[in-house]
file query_36.pdb (PDB, C-alpha atoms and all ligand atoms)
ATOM      1  CA  MET A   1       2.510   5.379  11.104
ATOM      2  CA  SER A   2       1.782   4.391   7.601
ATOM      3  CA  TYR A   3       0.036   1.135   6.884
ATOM      4  CA  ASN A   4      -2.470  -0.053   9.394
ATOM      5  CA  GLU A   5      -1.668  -3.019  11.566
ATOM      6  CA  GLN A   6      -3.977  -5.371   9.743
ATOM      7  CA  ILE A   7      -2.182  -4.805   6.444
ATOM      8  CA  PHE A   8       1.143  -5.166   8.175
ATOM      9  CA  GLU A   9       0.187  -8.469   9.775
ATOM     10  CA  LYS A  10      -1.197  -9.778   6.492
ATOM     11  CA  ALA A  11       2.070  -8.989   4.718
ATOM     12  CA  LYS A  12       4.130 -10.611   7.474
ATOM     13  CA  LYS A  13       2.010 -13.723   7.230
ATOM     14  CA  GLU A  14       2.403 -13.881   3.454
ATOM     15  CA  ILE A  15       6.183 -13.487   3.679
ATOM     16  CA  SER A  16       6.496 -16.305   6.172
ATOM     17  CA  ARG A  17       4.154 -18.459   4.080
ATOM     18  CA  ARG A  18       6.469 -17.934   1.097
ATOM     19  CA  ARG A  19       9.506 -18.868   3.128
ATOM     20  CA  HIS A  20       7.846 -21.957   4.491
ATOM     21  CA  THR A  21       6.712 -23.028   1.003
ATOM     22  CA  ALA A  22      10.169 -22.509  -0.492
ATOM     23  CA  GLU A  23      11.800 -24.563   2.242
ATOM     24  CA  THR A  24       9.217 -27.327   2.150
ATOM     25  CA  GLN A  25       9.556 -27.643  -1.610
ATOM     26  CA  ALA A  26      13.338 -27.809  -1.361
ATOM     27  CA  LYS A  27      13.077 -30.531   1.254
ATOM     28  CA  GLN A  28      10.648 -32.449  -0.946
ATOM     29  CA  ARG A  29      12.973 -32.220  -3.939
ATOM     30  CA  ARG A  30      15.848 -33.413  -1.782
ATOM     31  CA  ASP A  31      13.942 -36.366  -0.320
ATOM     32  CA  GLU A  32      12.814 -37.497  -3.751
ATOM     33  CA  LEU A  33      16.270 -37.162  -5.212
ATOM     34  CA  ILE A  34      17.917 -39.056  -2.383
ATOM     35  CA  THR A  35      15.470 -41.906  -2.748
ATOM     36  CA  ALA A  36      16.347 -42.130  -6.427
ATOM     37  CA  CYS A  37      20.062 -41.595  -5.913
ATOM     38  CA  PRO A  38      21.351 -42.319  -2.376
ATOM     39  CA  GLU A  39      24.877 -41.412  -3.457
ATOM     40  CA  ILE A  40      23.892 -37.757  -3.260
ATOM     41  CA  GLU A  41      23.292 -38.050   0.449
ATOM     42  CA  GLU A  42      26.698 -39.607   1.010
ATOM     43  CA  ILE A  43      28.384 -36.781  -0.868
ATOM     44  CA  GLU A  44      26.391 -34.193   1.073
ATOM     45  CA  GLN A  45      27.447 -35.800   4.337
ATOM     46  CA  GLU A  46      31.082 -35.700   3.196
ATOM     47  CA  ILE A  47      30.764 -32.014   2.415
ATOM     48  CA  ALA A  48      29.200 -31.291   5.813
ATOM     49  CA  ARG A  49      31.910 -33.295   7.598
ATOM     50  CA  ALA A  50      34.663 -31.414   5.810
ATOM     51  CA  GLY A  51      33.106 -28.141   6.949
ATOM     52  CA  LEU A  52      33.055 -29.242  10.569
ATOM     53  CA  GLU A  53      36.612 -30.490  10.379
ATOM     54  CA  ALA A  54      37.778 -27.189   8.974
ATOM     55  CA  ILE A  55      36.322 -25.417  11.983
ATOM     56  CA  ARG A  56      38.096 -27.783  14.354
ATOM     57  CA  ALA A  57      41.339 -27.444  12.419
ATOM     58  CA  ILE A  58      41.555 -23.750  13.214
ATOM     59  CA  SER A  59      42.731 -24.662  16.719
ATOM     60  CA  MET A  60      45.543 -26.839  15.368
ATOM     61  CA  GLY A  61      47.972 -23.948  15.298
ATOM     62  CA  ALA A  62      50.897 -24.052  12.885
ATOM     63  CA  ASN A  63      49.715 -27.074  10.875
ATOM     64  CA  ALA A  64      46.181 -25.731  10.475
ATOM     65  CA  GLN A  65      46.791 -23.872   7.253
ATOM     66  CA  GLU A  66      48.037 -26.896   5.369
ATOM     67  CA  TYR A  67      45.293 -29.136   6.693
ATOM     68  CA  ILE A  68      42.548 -26.628   5.876
ATOM     69  CA  GLY A  69      43.972 -26.357   2.380
ATOM     70  CA  LYS A  70      43.672 -30.106   1.938
ATOM     71  CA  LEU A  71      40.119 -30.071   3.263
ATOM     72  CA  ALA A  72      39.157 -27.285   0.884
ATOM     73  CA  LYS A  73      40.485 -29.259  -2.056
ATOM     74  CA  LYS A  74      38.590 -32.329  -0.969
ATOM     75  CA  ASN A  75      35.491 -30.241  -0.514
ATOM     76  CA  LEU A  76      35.722 -28.797  -4.005
ATOM     77  CA  LYS A  77      36.083 -32.298  -5.402
ATOM     78  CA  GLN A  78      32.959 -33.457  -3.577
ATOM     79  CA  GLN A  79      31.036 -30.451  -4.802
ATOM     80  CA  GLN A  80      32.074 -31.162  -8.358
ATOM     81  CA  LEU A  81      31.005 -34.759  -7.886
ATOM     82  CA  ARG A  82      27.595 -33.644  -6.646
ATOM     83  CA  LYS A  83      27.248 -31.267  -9.557
ATOM     84  CA  ASP A  84      28.104 -33.988 -12.075
ATOM     85  CA  LEU A  85      25.659 -36.358 -10.461
ATOM     86  CA  LEU A  86      22.846 -33.825 -10.632
ATOM     87  CA  ILE A  87      23.575 -33.116 -14.273
ATOM     88  CA  ASN A  88      23.625 -36.852 -14.967
ATOM     89  CA  ILE A  89      20.228 -37.220 -13.354
ATOM     90  CA  GLY A  90      19.049 -34.433 -15.588
ATOM     91  CA  VAL A  91      18.306 -31.640 -13.101
ATOM     92  CA  ASP A  92      19.847 -28.159 -12.623
ATOM     93  CA  GLU A  93      22.882 -27.895 -10.396
ATOM     94  CA  ASP A  94      20.994 -25.672  -7.947
ATOM     95  CA  TYR A  95      18.165 -28.197  -7.797
ATOM     96  CA  LEU A  96      18.695 -28.923  -4.109
ATOM     97  CA  GLU A  97      18.915 -25.313  -3.010
ATOM     98  CA  VAL A  98      15.982 -23.474  -1.484
ATOM     99  CA  LYS A  99      14.415 -21.284  -4.169
ATOM    100  CA  TYR A 100      13.207 -18.228  -2.330
ATOM    101  CA  ASN A 101      10.659 -15.881  -3.837
ATOM    102  CA  CYS A 102      12.973 -13.026  -2.960
ATOM    103  CA  PRO A 103      16.647 -13.987  -3.065
ATOM    104  CA  VAL A 104      17.573 -10.649  -1.460
ATOM    105  CA  CYS A 105      15.995 -11.318   1.936
ATOM    106  CA  GLU A 106      15.401 -15.062   1.488
ATOM    107  CA  ASP A 107      11.740 -14.424   2.246
ATOM    108  CA  ARG A 108      12.381 -12.886   5.631
ATOM    109  CA  GLY A 109      10.968  -9.476   4.673
ATOM    110  CA  THR A 110      13.927  -7.585   6.112
ATOM    111  CA  VAL A 111      17.538  -6.997   5.106
ATOM    112  CA  ASP A 112      19.980  -5.463   7.580
ATOM    113  CA  GLY A 113      17.113  -4.549   9.848
ATOM    114  CA  LYS A 114      15.265  -2.665   7.100
ATOM    115  CA  ARG A 115      12.124  -3.652   5.217
ATOM    116  CA  CYS A 116      12.980  -5.448   2.000
ATOM    117  CA  ASP A 117      11.436  -4.226  -1.264
ATOM    118  CA  CYS A 118       9.394  -7.426  -1.526
ATOM    119  CA  PHE A 119       7.761  -6.609   1.805
ATOM    120  CA  LYS A 120       7.141  -3.009   0.790
ATOM    121  CA  SER A 121       5.435  -4.027  -2.413
ATOM    122  CA  LEU A 122       3.216  -6.468  -0.529
ATOM    123  CA  LEU A 123       2.188  -3.686   1.849
ATOM    124  CA  LYS A 124       1.361  -1.497  -1.110
ATOM    125  CA  LYS A 125      -0.629  -4.226  -2.800
ATOM    126  CA  TYR A 126      -2.725  -4.932   0.290
ATOM    127  CA  ALA A 127      -3.266  -1.209   0.873
ATOM    128  CA  TYR A 128      -4.568  -0.872  -2.696
ATOM    129  CA  ASP A 129      -6.851  -3.872  -2.244
ATOM    130  CA  GLU A 130      -8.191  -2.392   0.959
ATOM    131  CA  LEU A 131      -8.863   0.944  -0.690
ATOM    132  CA  CYS A 132     -10.564  -0.552  -3.720
ATOM    133  CA  LYS A 133     -12.762  -2.657  -1.464
ATOM    134  CA  CYS A 134     -14.196   0.558   0.030
ATOM    135  CA  SER A 135     -14.751   2.310  -3.247
ATOM    136  CA  SER A 136     -16.741   1.347  -6.300
ATOM    137  CA  VAL A 137     -14.175   3.029  -8.488
ATOM    138  CA  LYS A 138     -10.658   1.863  -9.227
ATOM    139  CA  LEU A 139      -7.635   3.914  -8.273
ATOM    140  CA  SER A 140      -7.078   6.423 -11.013
ATOM    141  CA  SER A 141      -4.073   8.346 -12.230
ATOM    142  CA  PHE A 142      -3.490  11.969 -13.119
ATOM    143  CA  ASN A 143      -2.562  10.912 -16.648
ATOM    144  CA  GLY A 144      -6.030   9.494 -17.209
ATOM    145  CA  PHE A 145      -7.636  12.848 -16.447
ATOM    146  CA  ARG A 146      -9.059  14.215 -19.731
ATOM    147  CA  LEU A 147      -8.989  18.004 -19.944
ATOM    148  CA  ASP A 148     -10.565  17.863 -23.413
ATOM    149  CA  PHE A 149     -13.869  16.906 -21.790
ATOM    150  CA  TYR A 150     -14.109  20.394 -20.343
ATOM    151  CA  PRO A 151     -15.513  23.227 -22.488
ATOM    152  CA  SER A 152     -12.958  25.712 -23.746
ATOM    153  CA  GLN A 153     -15.438  28.593 -24.104
ATOM    154  CA  GLN A 154     -14.852  31.382 -21.676
ATOM    155  CA  ASP A 155     -17.453  31.846 -19.001
ATOM    156  CA  PRO A 156     -18.668  35.489 -19.285
ATOM    157  CA  MET A 157     -19.103  35.684 -15.520
ATOM    158  CA  THR A 158     -15.633  34.526 -14.543
ATOM    159  CA  GLY A 159     -13.667  35.335 -17.695
ATOM    160  CA  ILE A 160     -12.090  31.878 -17.626
ATOM    161  CA  SER A 161     -13.037  28.676 -19.448
ATOM    162  CA  PRO A 162     -13.769  25.477 -17.519
ATOM    163  CA  ARG A 163     -10.856  23.852 -19.355
ATOM    164  CA  GLU A 164      -8.418  26.511 -18.171
ATOM    165  CA  ARG A 165      -9.765  26.245 -14.655
ATOM    166  CA  MET A 166      -9.530  22.454 -14.649
ATOM    167  CA  CYS A 167      -5.978  22.651 -15.949
ATOM    168  CA  GLU A 168      -5.120  24.740 -12.885
ATOM    169  CA  VAL A 169      -6.972  22.285 -10.676
ATOM    170  CA  LEU A 170      -5.100  19.341 -12.182
ATOM    171  CA  ASN A 171      -1.759  21.093 -11.666
ATOM    172  CA  TYR A 172      -2.608  21.892  -8.087
ATOM    173  CA  CYS A 173      -3.607  18.292  -7.347
ATOM    174  CA  ARG A 174      -0.469  16.936  -8.990
ATOM    175  CA  SER A 175       1.822  19.126  -6.953
ATOM    176  CA  TRP A 176      -0.186  18.397  -3.806
ATOM    177  CA  ALA A 177       0.418  14.697  -4.498
ATOM    178  CA  ASP A 178       4.121  15.176  -5.284
ATOM    179  CA  ASP A 179       4.664  16.993  -1.986
ATOM    180  CA  PHE A 180       2.372  14.760   0.038
ATOM    181  CA  ASP A 181       3.239  14.016   3.621
ATOM    182  CA  ARG A 182       1.305  13.978   6.896
ATOM    183  CA  LYS A 183       1.391  17.766   6.949
ATOM    184  CA  ALA A 184      -0.244  18.213   3.534
ATOM    185  CA  PRO A 185      -3.042  20.798   3.464
ATOM    186  CA  SER A 186      -6.635  19.608   3.660
ATOM    187  CA  VAL A 187      -8.649  20.163   0.538
ATOM    188  CA  ILE A 188     -12.336  20.569  -0.265
ATOM    189  CA  MET A 189     -13.339  19.784  -3.838
ATOM    190  CA  TYR A 190     -16.730  21.172  -4.736
ATOM    191  CA  GLY A 191     -18.868  21.494  -7.817
ATOM    192  CA  ALA A 192     -21.650  19.615  -9.571
ATOM    193  CA  THR A 193     -21.745  15.826  -9.987
ATOM    194  CA  GLY A 194     -19.620  14.194 -12.657
ATOM    195  CA  LEU A 195     -16.871  16.794 -12.950
ATOM    196  CA  GLY A 196     -13.987  14.541 -11.937
ATOM    197  CA  LYS A 197     -13.712  15.133  -8.190
ATOM    198  CA  THR A 198     -13.609  11.412  -7.426
ATOM    199  CA  HIS A 199     -11.109  10.789 -10.213
ATOM    200  CA  LEU A 200      -8.646  13.384  -8.933
ATOM    201  CA  SER A 201      -9.035  12.463  -5.280
ATOM    202  CA  LEU A 202      -8.327   8.814  -6.112
ATOM    203  CA  ALA A 203      -5.232   9.844  -8.044
ATOM    204  CA  MET A 204      -4.123  11.755  -4.946
ATOM    205  CA  ALA A 205      -4.871   8.693  -2.814
ATOM    206  CA  LYS A 206      -2.760   6.536  -5.107
ATOM    207  CA  ALA A 207       0.165   8.954  -4.889
ATOM    208  CA  ALA A 208       0.024   8.898  -1.085
ATOM    209  CA  LEU A 209      -0.191   5.089  -1.068
ATOM    210  CA  ASP A 210       2.765   4.856  -3.419
ATOM    211  CA  LYS A 211       4.769   6.842  -0.900
ATOM    212  CA  GLY A 212       3.855   4.288   1.753
ATOM    213  CA  TYR A 213       1.219   6.305   3.600
ATOM    214  CA  GLY A 214      -1.999   4.852   4.977
ATOM    215  CA  VAL A 215      -5.072   6.107   3.160
ATOM    216  CA  VAL A 216      -8.715   5.658   4.072
ATOM    217  CA  TYR A 217     -11.198   6.357   1.317
ATOM    218  CA  GLY A 218     -14.938   6.022   1.411
ATOM    219  CA  SER A 219     -18.254   7.693   0.847
ATOM    220  CA  THR A 220     -19.149   9.820   3.843
ATOM    221  CA  GLN A 221     -22.353   7.818   4.176
ATOM    222  CA  ASN A 222     -20.559   4.459   4.372
ATOM    223  CA  LEU A 223     -17.840   5.571   6.718
ATOM    224  CA  LEU A 224     -20.300   7.187   9.103
ATOM    225  CA  SER A 225     -22.644   4.164   9.098
ATOM    226  CA  ARG A 226     -19.698   1.940   9.878
ATOM    227  CA  LEU A 227     -18.791   4.217  12.735
ATOM    228  CA  GLU A 228     -22.368   4.197  13.997
ATOM    229  CA  ARG A 229     -22.655   0.392  13.902
ATOM    230  CA  GLU A 230     -19.463   0.154  15.847
ATOM    231  CA  LYS A 231     -20.442   2.825  18.355
ATOM    232  CA  PHE A 232     -23.697   1.103  19.188
ATOM    233  CA  GLY A 233     -22.181  -2.327  19.518
ATOM    234  CA  ARG A 234     -23.528  -3.863  16.345
ATOM    235  CA  SER A 235     -20.078  -4.613  15.041
ATOM    236  CA  GLN A 236     -17.124  -6.671  16.234
ATOM    237  CA  ASP A 237     -14.414  -4.096  15.514
ATOM    238  CA  ASN A 238     -14.568  -2.127  18.687
ATOM    239  CA  GLY A 239     -13.292   1.381  18.093
ATOM    240  CA  ALA A 240     -11.235   0.338  15.050
ATOM    241  CA  THR A 241     -13.109   2.529  12.568
ATOM    242  CA  GLU A 242     -12.934   5.610  14.724
ATOM    243  CA  LYS A 243      -9.217   5.144  15.301
ATOM    244  CA  MET A 244      -8.686   4.653  11.579
ATOM    245  CA  LEU A 245     -10.690   7.762  10.636
ATOM    246  CA  LEU A 246      -8.928   9.926  13.194
ATOM    247  CA  GLU A 247      -5.393   8.639  12.732
ATOM    248  CA  CYS A 248      -4.843   7.519   9.133
ATOM    249  CA  ASP A 249      -2.311   9.566   7.172
ATOM    250  CA  LEU A 250      -4.881  10.698   4.629
ATOM    251  CA  LEU A 251      -8.664  10.551   4.919
ATOM    252  CA  ILE A 252     -10.873  11.026   1.884
ATOM    253  CA  LEU A 253     -14.540  11.686   2.538
ATOM    254  CA  ASP A 254     -16.351  11.287  -0.745
ATOM    255  CA  ASP A 255     -19.708  12.877  -1.432
ATOM    256  CA  LEU A 256     -20.146  14.850   1.753
ATOM    257  CA  GLY A 257     -23.753  15.996   1.946
ATOM    258  CA  ALA A 258     -25.262  12.833   0.458
ATOM    259  CA  GLU A 259     -25.312  11.086   3.845
ATOM    260  CA  PHE A 260     -28.450  10.712   5.893
ATOM    261  CA  SER A 261     -28.079  13.434   8.471
ATOM    262  CA  THR A 262     -28.721  12.675  12.146
ATOM    263  CA  SER A 263     -27.434  14.125  15.380
ATOM    264  CA  PHE A 264     -24.995  11.194  15.426
ATOM    265  CA  THR A 265     -23.555  11.897  11.957
ATOM    266  CA  ILE A 266     -23.229  15.604  12.722
ATOM    267  CA  SER A 267     -21.322  15.051  15.927
ATOM    268  CA  ALA A 268     -19.197  12.266  14.428
ATOM    269  CA  LEU A 269     -18.307  14.475  11.504
ATOM    270  CA  TYR A 270     -17.384  17.319  13.803
ATOM    271  CA  ASN A 271     -15.185  14.999  15.830
ATOM    272  CA  ILE A 272     -13.369  13.758  12.720
ATOM    273  CA  ILE A 273     -12.847  17.184  11.193
ATOM    274  CA  ASN A 274     -11.886  18.848  14.444
ATOM    275  CA  THR A 275      -9.535  16.115  15.667
ATOM    276  CA  ARG A 276      -7.695  15.884  12.368
ATOM    277  CA  MET A 277      -7.378  19.650  12.248
ATOM    278  CA  THR A 278      -5.924  19.694  15.763
ATOM    279  CA  THR A 279      -3.421  16.956  14.944
ATOM    280  CA  GLY A 280      -2.690  18.521  11.557
ATOM    281  CA  LEU A 281      -3.610  15.432   9.511
ATOM    282  CA  PRO A 282      -4.892  15.998   5.963
ATOM    283  CA  VAL A 283      -8.426  15.333   4.709
ATOM    284  CA  ILE A 284      -9.849  15.551   1.214
ATOM    285  CA  ILE A 285     -13.559  16.278   1.119
ATOM    286  CA  ASN A 286     -15.597  15.914  -2.076
ATOM    287  CA  THR A 287     -18.996  17.503  -2.176
ATOM    288  CA  ASN A 288     -21.694  18.609  -4.578
ATOM    289  CA  LEU A 289     -22.750  21.254  -2.070
ATOM    290  CA  SER A 290     -21.874  24.908  -2.471
ATOM    291  CA  PHE A 291     -20.399  26.743   0.510
ATOM    292  CA  GLU A 292     -23.826  28.288   1.216
ATOM    293  CA  GLU A 293     -25.426  24.841   1.240
ATOM    294  CA  LEU A 294     -22.627  23.548   3.443
ATOM    295  CA  GLU A 295     -23.384  26.261   5.972
ATOM    296  CA  GLN A 296     -27.077  25.507   5.852
ATOM    297  CA  ARG A 297     -26.698  21.785   6.202
ATOM    298  CA  TYR A 298     -24.075  21.566   8.924
ATOM    299  CA  THR A 299     -23.595  23.325  12.210
ATOM    300  CA  GLN A 300     -21.487  26.421  12.126
ATOM    301  CA  ARG A 301     -18.782  24.577  14.077
ATOM    302  CA  ILE A 302     -18.332  22.193  11.130
ATOM    303  CA  SER A 303     -18.760  24.526   8.191
ATOM    304  CA  SER A 304     -16.545  27.266   9.611
ATOM    305  CA  ARG A 305     -13.712  24.773  10.120
ATOM    306  CA  ILE A 306     -13.983  23.452   6.594
ATOM    307  CA  ILE A 307     -14.354  26.835   4.948
ATOM    308  CA  GLY A 308     -11.684  28.403   7.112
ATOM    309  CA  ASP A 309      -9.034  25.719   7.017
ATOM    310  CA  TYR A 310      -9.405  23.682   3.807
ATOM    311  CA  THR A 311      -8.011  24.723   0.445
ATOM    312  CA  PRO A 312     -11.063  25.192  -1.786
ATOM    313  CA  ILE A 313     -10.959  23.660  -5.262
ATOM    314  CA  GLU A 314     -13.895  24.466  -7.464
ATOM    315  CA  PHE A 315     -14.729  22.082 -10.316
ATOM    316  CA  LEU A 316     -16.312  23.544 -13.432
ATOM    317  CA  GLY A 317     -17.701  22.095 -16.648
ATOM    318  CA  ARG A 318     -20.373  19.691 -17.789
ATOM    319  CA  ASP A 319     -21.058  16.225 -16.488
ATOM    320  CA  ILE A 320     -18.150  14.182 -17.835
ATOM    321  CA  ARG A 321     -19.846  10.849 -17.343
ATOM    322  CA  GLN A 322     -22.485  11.908 -19.864
ATOM    323  CA  LEU A 323     -19.840  13.107 -22.318
ATOM    324  CA  LYS A 324     -17.908   9.857 -21.949
ATOM    325  CA  SER A 325     -20.967   7.777 -22.770
ATOM    326  CA  MET A 326     -21.747   9.783 -25.885
TER     327      MET A 326
HETATM  328 ZN    ZN A 401      12.761  -9.524   0.003
END
call {"tool": "encode", "arguments": {"input": "query_36.pdb", "output": "structure tokens"}}
result
Amino acid sequence: MSYNEQIFEKAKKEISRRRHTAETQAKQRRDELITACPEIEEIEQEIARAGLEAIRAISMGANAQEYIGKLAKKNLKQQQLRKDLLINIGVDEDYLEVKYNCPVCEDRGTVDGKRCDCFKSLLKKYAYDELCKCSSVKLSSFNGFRLDFYPSQQDPMTGISPRERMCEVLNYCRSWADDFDRKAPSVIMYGATGLGKTHLSLAMAKAALDKGYGVVYGSTQNLLSRLEREKFGRSQDNGATEKMLLECDLLILDDLGAEFSTSFTISALYNIINTRMTTGLPVIINTNLSFEELEQRYTQRISSRIIGDYTPIEFLGRDIRQLKSM
């Protein structure tokens, strides 16, 4: 799996809309031109007739070759005539041809049974749109991550400066993104607010999307409320959210710990984390909670799975959003 069905259907629809538009416009151009210059239609009919005759001539045996040669000559002459006429009228010689958006697949979306690049880029575009709809922040890149916002003074406790640590973090996230596939390790990013966790996880999301994987991103609160509405029949999409959360190629739960905790959210969270661990699908969790707070807030079943199975990435430094606004 990669893109969800909805995105796939949307792209298919758009491709066929493009094809339909291109063909309708060509027909319109033709009709208008023929009204203004009926001679064009006569020439076109001649050309079509010659084509049919050539097919019939193949069965003529020995004389076929000569006859087909004559037809071809005649055909060329007609084509030249059509070309001259079009130029005389003042339009391009390909004026009557269908102008497809993608000449490679002629707006079919596939070439030789494989997805055409135009289709792939539509899928990517819709996947981005979908992701940005769920998040207040735009997709970010690793290049936009500013290490100079992190203090370079060594921390006496750890012997390492936040900048050095964040450089390691950035490198880890980059290589995680480069190697991304459905077997990528799950990651928990923790540390105080405003240290760039969302920025880096969105850059990782973008990398996975660019590779054609399906990514679901959202604040834990929003995703769980959506799930709850659906579970208790207050939403039309029956079971769609749960399926998406359990089966997407990459799930990013932003701001774990900020959600309103109920017995429903706890069990839903357990189900998500446990199922994805069993099927080996990656999750990125962002949280402001420390591991101790994680253990206090969630049942041991949840916290032990996260602490035991996720790669921990600690974010250090000062609140970057404050530094940026200074
Ligand atoms: Zn194409």
call {"tool": "axis_aligned_box", "arguments": {"input": "query_36.pdb", "around": "region 45-54 of chain A", "padding_each_side": "4 Å", "output": "AutoDock Vina command-line options"}}
result
--center_x 32.6 --center_y -31.5 --center_z 6.5 --size_x 18.3 --size_y 16.6 --size_z 16.2
call {"tool": "closest_atom_pairs", "arguments": {"input": "query_36.pdb", "of": "chain A", "to": "ligand ZN 401 (chain A)", "cutoff": "9 Å", "atoms": "all atoms listed in the file", "output": "JSON lines"}}
result
{"residue": "A:Ile15", "atom": "CA", "partner": "A:ZN401", "partner_atom": "ZN", "distance": 8.5}
{"residue": "A:Asn101", "atom": "CA", "partner": "A:ZN401", "partner_atom": "ZN", "distance": 7.7}
{"residue": "A:Cys102", "atom": "CA", "partner": "A:ZN401", "partner_atom": "ZN", "distance": 4.6}
{"residue": "A:Pro103", "atom": "CA", "partner": "A:ZN401", "partner_atom": "ZN", "distance": 6.7}
{"residue": "A:Val104", "atom": "CA", "partner": "A:ZN401", "partner_atom": "ZN", "distance": 5.2}
{"residue": "A:Cys105", "atom": "CA", "partner": "A:ZN401", "partner_atom": "ZN", "distance": 4.2}
{"residue": "A:Glu106", "atom": "CA", "partner": "A:ZN401", "partner_atom": "ZN", "distance": 6.3}
{"residue": "A:Asp107", "atom": "CA", "partner": "A:ZN401", "partner_atom": "ZN", "distance": 5.5}
{"residue": "A:Arg108", "atom": "CA", "partner": "A:ZN401", "partner_atom": "ZN", "distance": 6.6}
{"residue": "A:Gly109", "atom": "CA", "partner": "A:ZN401", "partner_atom": "ZN", "distance": 5.0}
{"residue": "A:Thr110", "atom": "CA", "partner": "A:ZN401", "partner_atom": "ZN", "distance": 6.5}
{"residue": "A:Val111", "atom": "CA", "partner": "A:ZN401", "partner_atom": "ZN", "distance": 7.4}
{"residue": "A:Arg115", "atom": "CA", "partner": "A:ZN401", "partner_atom": "ZN", "distance": 7.9}
{"residue": "A:Cys116", "atom": "CA", "partner": "A:ZN401", "partner_atom": "ZN", "distance": 4.5}
{"residue": "A:Asp117", "atom": "CA", "partner": "A:ZN401", "partner_atom": "ZN", "distance": 5.6}
{"residue": "A:Cys118", "atom": "CA", "partner": "A:ZN401", "partner_atom": "ZN", "distance": 4.3}
{"residue": "A:Phe119", "atom": "CA", "partner": "A:ZN401", "partner_atom": "ZN", "distance": 6.1}
{"residue": "A:Lys120", "atom": "CA", "partner": "A:ZN401", "partner_atom": "ZN", "distance": 8.6}
call {"tool": "closest_residue", "arguments": {"input": "query_36.pdb", "among": "A:Lys183, A:Trp176, A:Ile307, A:Gly317", "to": "Thr278 (chain A)", "atoms": "all atoms listed in the file"}}
result
A:Lys183
call {"tool": "residues_around", "arguments": {"input": "query_36.pdb", "residues": "Leu227 (chain A)", "least_positions_apart": "6", "cutoff": "9 Å", "atoms": "all atoms listed in the file", "output": "ChimeraX atom specification"}}
result
/A:239-242,268
call {"tool": "closest_atom_pairs", "arguments": {"input": "query_36.pdb", "of": "region 56-132 of chain A", "to": "region 39-46 of chain A", "cutoff": "12 Å", "atoms": "only C-alpha atoms", "output": "JSON lines"}}
result
{"residue": "A:Leu71", "atom": "CA", "partner": "A:Glu46", "partner_atom": "CA", "distance": 10.6}
{"residue": "A:Ala72", "atom": "CA", "partner": "A:Glu46", "partner_atom": "CA", "distance": 11.9}
{"residue": "A:Lys74", "atom": "CA", "partner": "A:Glu46", "partner_atom": "CA", "distance": 9.2}
{"residue": "A:Asn75", "atom": "CA", "partner": "A:Glu46", "partner_atom": "CA", "distance": 7.9}
{"residue": "A:Leu76", "atom": "CA", "partner": "A:Glu46", "partner_atom": "CA", "distance": 11.0}
{"residue": "A:Lys77", "atom": "CA", "partner": "A:Ile43", "partner_atom": "CA", "distance": 10.0}
{"residue": "A:Gln78", "atom": "CA", "partner": "A:Ile43", "partner_atom": "CA", "distance": 6.3}
{"residue": "A:Gln79", "atom": "CA", "partner": "A:Ile43", "partner_atom": "CA", "distance": 7.9}
{"residue": "A:Gln80", "atom": "CA", "partner": "A:Ile43", "partner_atom": "CA", "distance": 10.1}
{"residue": "A:Leu81", "atom": "CA", "partner": "A:Ile43", "partner_atom": "CA", "distance": 7.8}
{"residue": "A:Arg82", "atom": "CA", "partner": "A:Ile40", "partner_atom": "CA", "distance": 6.5}
{"residue": "A:Lys83", "atom": "CA", "partner": "A:Ile40", "partner_atom": "CA", "distance": 9.6}
{"residue": "A:Asp84", "atom": "CA", "partner": "A:Ile40", "partner_atom": "CA", "distance": 10.5}
{"residue": "A:Leu85", "atom": "CA", "partner": "A:Ile40", "partner_atom": "CA", "distance": 7.5}
{"residue": "A:Leu86", "atom": "CA", "partner": "A:Ile40", "partner_atom": "CA", "distance": 8.4}
{"residue": "A:Ile87", "atom": "CA", "partner": "A:Ile40", "partner_atom": "CA", "distance": 12.0}
{"residue": "A:Asn88", "atom": "CA", "partner": "A:Ile40", "partner_atom": "CA", "distance": 11.7}
{"residue": "A:Ile89", "atom": "CA", "partner": "A:Ile40", "partner_atom": "CA", "distance": 10.8}
{"residue": "A:Leu96", "atom": "CA", "partner": "A:Ile40", "partner_atom": "CA", "distance": 10.3}
call {"tool": "closest_atom_pairs", "arguments": {"input": "query_36.pdb", "of": "region 76-129 of chain A", "to": "region 197-208 of chain A", "cutoff": "12 Å", "atoms": "all atoms listed in the file", "output": "JSON lines"}}
result
{"residue": "A:Lys124", "atom": "CA", "partner": "A:Lys206", "partner_atom": "CA", "distance": 9.9}
{"residue": "A:Lys125", "atom": "CA", "partner": "A:Lys206", "partner_atom": "CA", "distance": 11.2}
{"residue": "A:Ala127", "atom": "CA", "partner": "A:Lys206", "partner_atom": "CA", "distance": 9.8}
{"residue": "A:Tyr128", "atom": "CA", "partner": "A:Lys206", "partner_atom": "CA", "distance": 8.0}
{"residue": "A:Asp129", "atom": "CA", "partner": "A:Lys206", "partner_atom": "CA", "distance": 11.5}
call {"tool": "residues_around", "arguments": {"input": "query_36.pdb", "residues": "Gln65 (chain A)", "least_positions_apart": "6", "cutoff": "12 Å", "atoms": "only C-alpha atoms", "output": "JSON, numbers by chain"}}
result
{"A": [54, 55, 56, 57, 58, 59, 71, 72]}
call {"tool": "closest_residue", "arguments": {"input": "query_36.pdb", "among": "A:Asn63, A:Asn274, A:Ser267, A:Ser219", "to": "Leu246 (chain A)", "atoms": "all atoms listed in the file"}}
result
A:Asn274
